[in-house]
Amino acid sequence: QVQLVESGGGLVQPGGSLRLSCATSGFAFRSYTMNWYRQAPGKERELVASIPSPGGTTNYADSVKGRFTISRDNAKNTVYLQMNSLKPEDTAVYYCNVRINIYHYWGQGTQVTVSS
């Protein structure tokens, strides 16, 4: 059974930093591309960052390039999202995602609120 569990969200002031984690189980983690999405109130869910299985390159949404960094620890079956220089428009629920064959699996999400 595929499980994704996010943690690390919270309230932070503009310009601050947060590190999100997504602990996974139930599949061959090292073999799959891992993704972080986010969804703000009233908006569609959007892809923030992706990290492929070893050998590929990371990808970022234009809105977070240079501020966010996605990484993975294959020994811990965990993917991370380091978020720096946070802006109020980064406020959203952040979701961890993996696509296995035709199925998308999601975590429960973690709330990130950027506000003074």
# chains A, B, ... in the order shown; residues from 1 in each chain; ligands from 1
>>> residues_around(residues="range 44-59 of chain A", least_positions_apart="6", cutoff="6 Å", atoms="only C-alpha atoms", output="VMD selection string")
chain A and resid 30 to 38
>>> residues_around(residues="Gly107 in chain A", least_positions_apart="4", cutoff="7 Å", atoms="only C-alpha atoms", output="PDB file with N, CA and C atoms, in the first residue's frame")
ATOM      1  N   LEU A   4       2.081   8.249   1.528  1.00  0.00           N
ATOM      2  CA  LEU A   4       2.874   9.471   1.492  1.00  0.00           C
ATOM      3  C   LEU A   4       2.427  10.336   2.662  1.00  0.00           C
ATOM      4  N   VAL A   5       3.366  10.769   3.500  1.00  0.00           N
ATOM      5  CA  VAL A   5       3.019  11.548   4.679  1.00  0.00           C
ATOM      6  C   VAL A   5       3.891  12.798   4.729  1.00  0.00           C
ATOM      7  N   GLU A   6       3.237  13.941   4.514  1.00  0.00           N
ATOM      8  CA  GLU A   6       3.956  15.216   4.538  1.00  0.00           C
ATOM      9  C   GLU A   6       4.042  15.775   5.959  1.00  0.00           C
ATOM     10  N   TYR A  95       1.405  19.326  -1.330  1.00  0.00           N
ATOM     11  CA  TYR A  95       1.178  17.886  -1.430  1.00  0.00           C
ATOM     12  C   TYR A  95       2.374  17.185  -2.056  1.00  0.00           C
ATOM     13  N   CYS A  96       2.694  16.054  -1.521  1.00  0.00           N
ATOM     14  CA  CYS A  96       3.670  15.145  -2.097  1.00  0.00           C
ATOM     15  C   CYS A  96       2.940  14.212  -3.070  1.00  0.00           C
ATOM     16  N   ASN A  97       3.600  13.859  -4.158  1.00  0.00           N
ATOM     17  CA  ASN A  97       2.941  13.058  -5.201  1.00  0.00           C
ATOM     18  C   ASN A  97       3.918  12.109  -5.865  1.00  0.00           C
TER      19      ASN A  97
END
>>> select_by_dssp(residues="chain A", states="helix (DSSP H, G or I)", output="VMD selection string")
chain A and resid 29 to 31 88 to 90
>>> write_last_selection(atoms="N, CA, C and O atoms", output="PDB file, in the first residue's frame")
ATOM      1  N   PHE A  29      10.768   3.378  -3.895  1.00  0.00           N
ATOM      2  CA  PHE A  29      10.957   4.835  -3.900  1.00  0.00           C
ATOM      3  C   PHE A  29      12.047   5.278  -4.871  1.00  0.00           C
ATOM      4  O   PHE A  29      11.851   6.236  -5.647  1.00  0.00           O
ATOM      5  N   ARG A  30      13.185   4.609  -4.850  1.00  0.00           N
ATOM      6  CA  ARG A  30      14.328   5.094  -5.627  1.00  0.00           C
ATOM      7  C   ARG A  30      14.087   5.022  -7.124  1.00  0.00           C
ATOM      8  O   ARG A  30      14.849   5.618  -7.907  1.00  0.00           O
ATOM      9  N   SER A  31      13.043   4.319  -7.546  1.00  0.00           N
ATOM     10  CA  SER A  31      12.803   4.111  -8.980  1.00  0.00           C
ATOM     11  C   SER A  31      11.869   5.140  -9.608  1.00  0.00           C
ATOM     12  O   SER A  31      11.663   5.120 -10.823  1.00  0.00           O
ATOM     13  N   PRO A  88       4.074  35.835   0.422  1.00  0.00           N
ATOM     14  CA  PRO A  88       2.661  35.557   0.738  1.00  0.00           C
ATOM     15  C   PRO A  88       1.973  34.712  -0.331  1.00  0.00           C
ATOM     16  O   PRO A  88       1.122  33.877   0.008  1.00  0.00           O
ATOM     17  N   GLU A  89       2.366  34.864  -1.579  1.00  0.00           N
ATOM     18  CA  GLU A  89       1.747  34.078  -2.648  1.00  0.00           C
ATOM     19  C   GLU A  89       2.166  32.610  -2.649  1.00  0.00           C
ATOM     20  O   GLU A  89       1.643  31.815  -3.427  1.00  0.00           O
ATOM     21  N   ASP A  90       3.091  32.248  -1.774  1.00  0.00           N
ATOM     22  CA  ASP A  90       3.448  30.828  -1.596  1.00  0.00           C
ATOM     23  C   ASP A  90       2.473  30.124  -0.650  1.00  0.00           C
ATOM     24  O   ASP A  90       2.556  28.898  -0.481  1.00  0.00           O
TER      25      ASP A  90
END
>>> atom_distance(atom1="CA of Val93 in chain A", atom2="CA of Ala28 in chain A")
25.7 Å
>>> residues_around(residues="Val112 in chain A", least_positions_apart="4", cutoff="9 Å", atoms="only C-alpha atoms", output="PyMOL selection string")
chain A and resi 8-12+18+90-94
>>> closest_residue(among="A:Ser71, A:Tyr105, A:Thr78, A:Leu86", to="Gln1 in chain A", atoms="only C-alpha atoms")
A:Tyr105
>>> select_by_dssp(residues="chain A", states="strand (DSSP E)", output="PyMOL selection string")
chain A and resi 3-7+10-12+18-25+34-39+46-51+59-60+68-73+78-83+92-100+103-106+110-114
>>> closest_residue(among="A:Lys76, A:Lys87, A:Gln3, A:Pro41", to="Ser63 in chain A", atoms="only C-alpha atoms")
A:Lys87
>>> closest_residue(among="A:Val98, A:Phe27, A:Thr110, A:Gln82", to="Ile70 in chain A", atoms="only C-alpha atoms")
A:Gln82
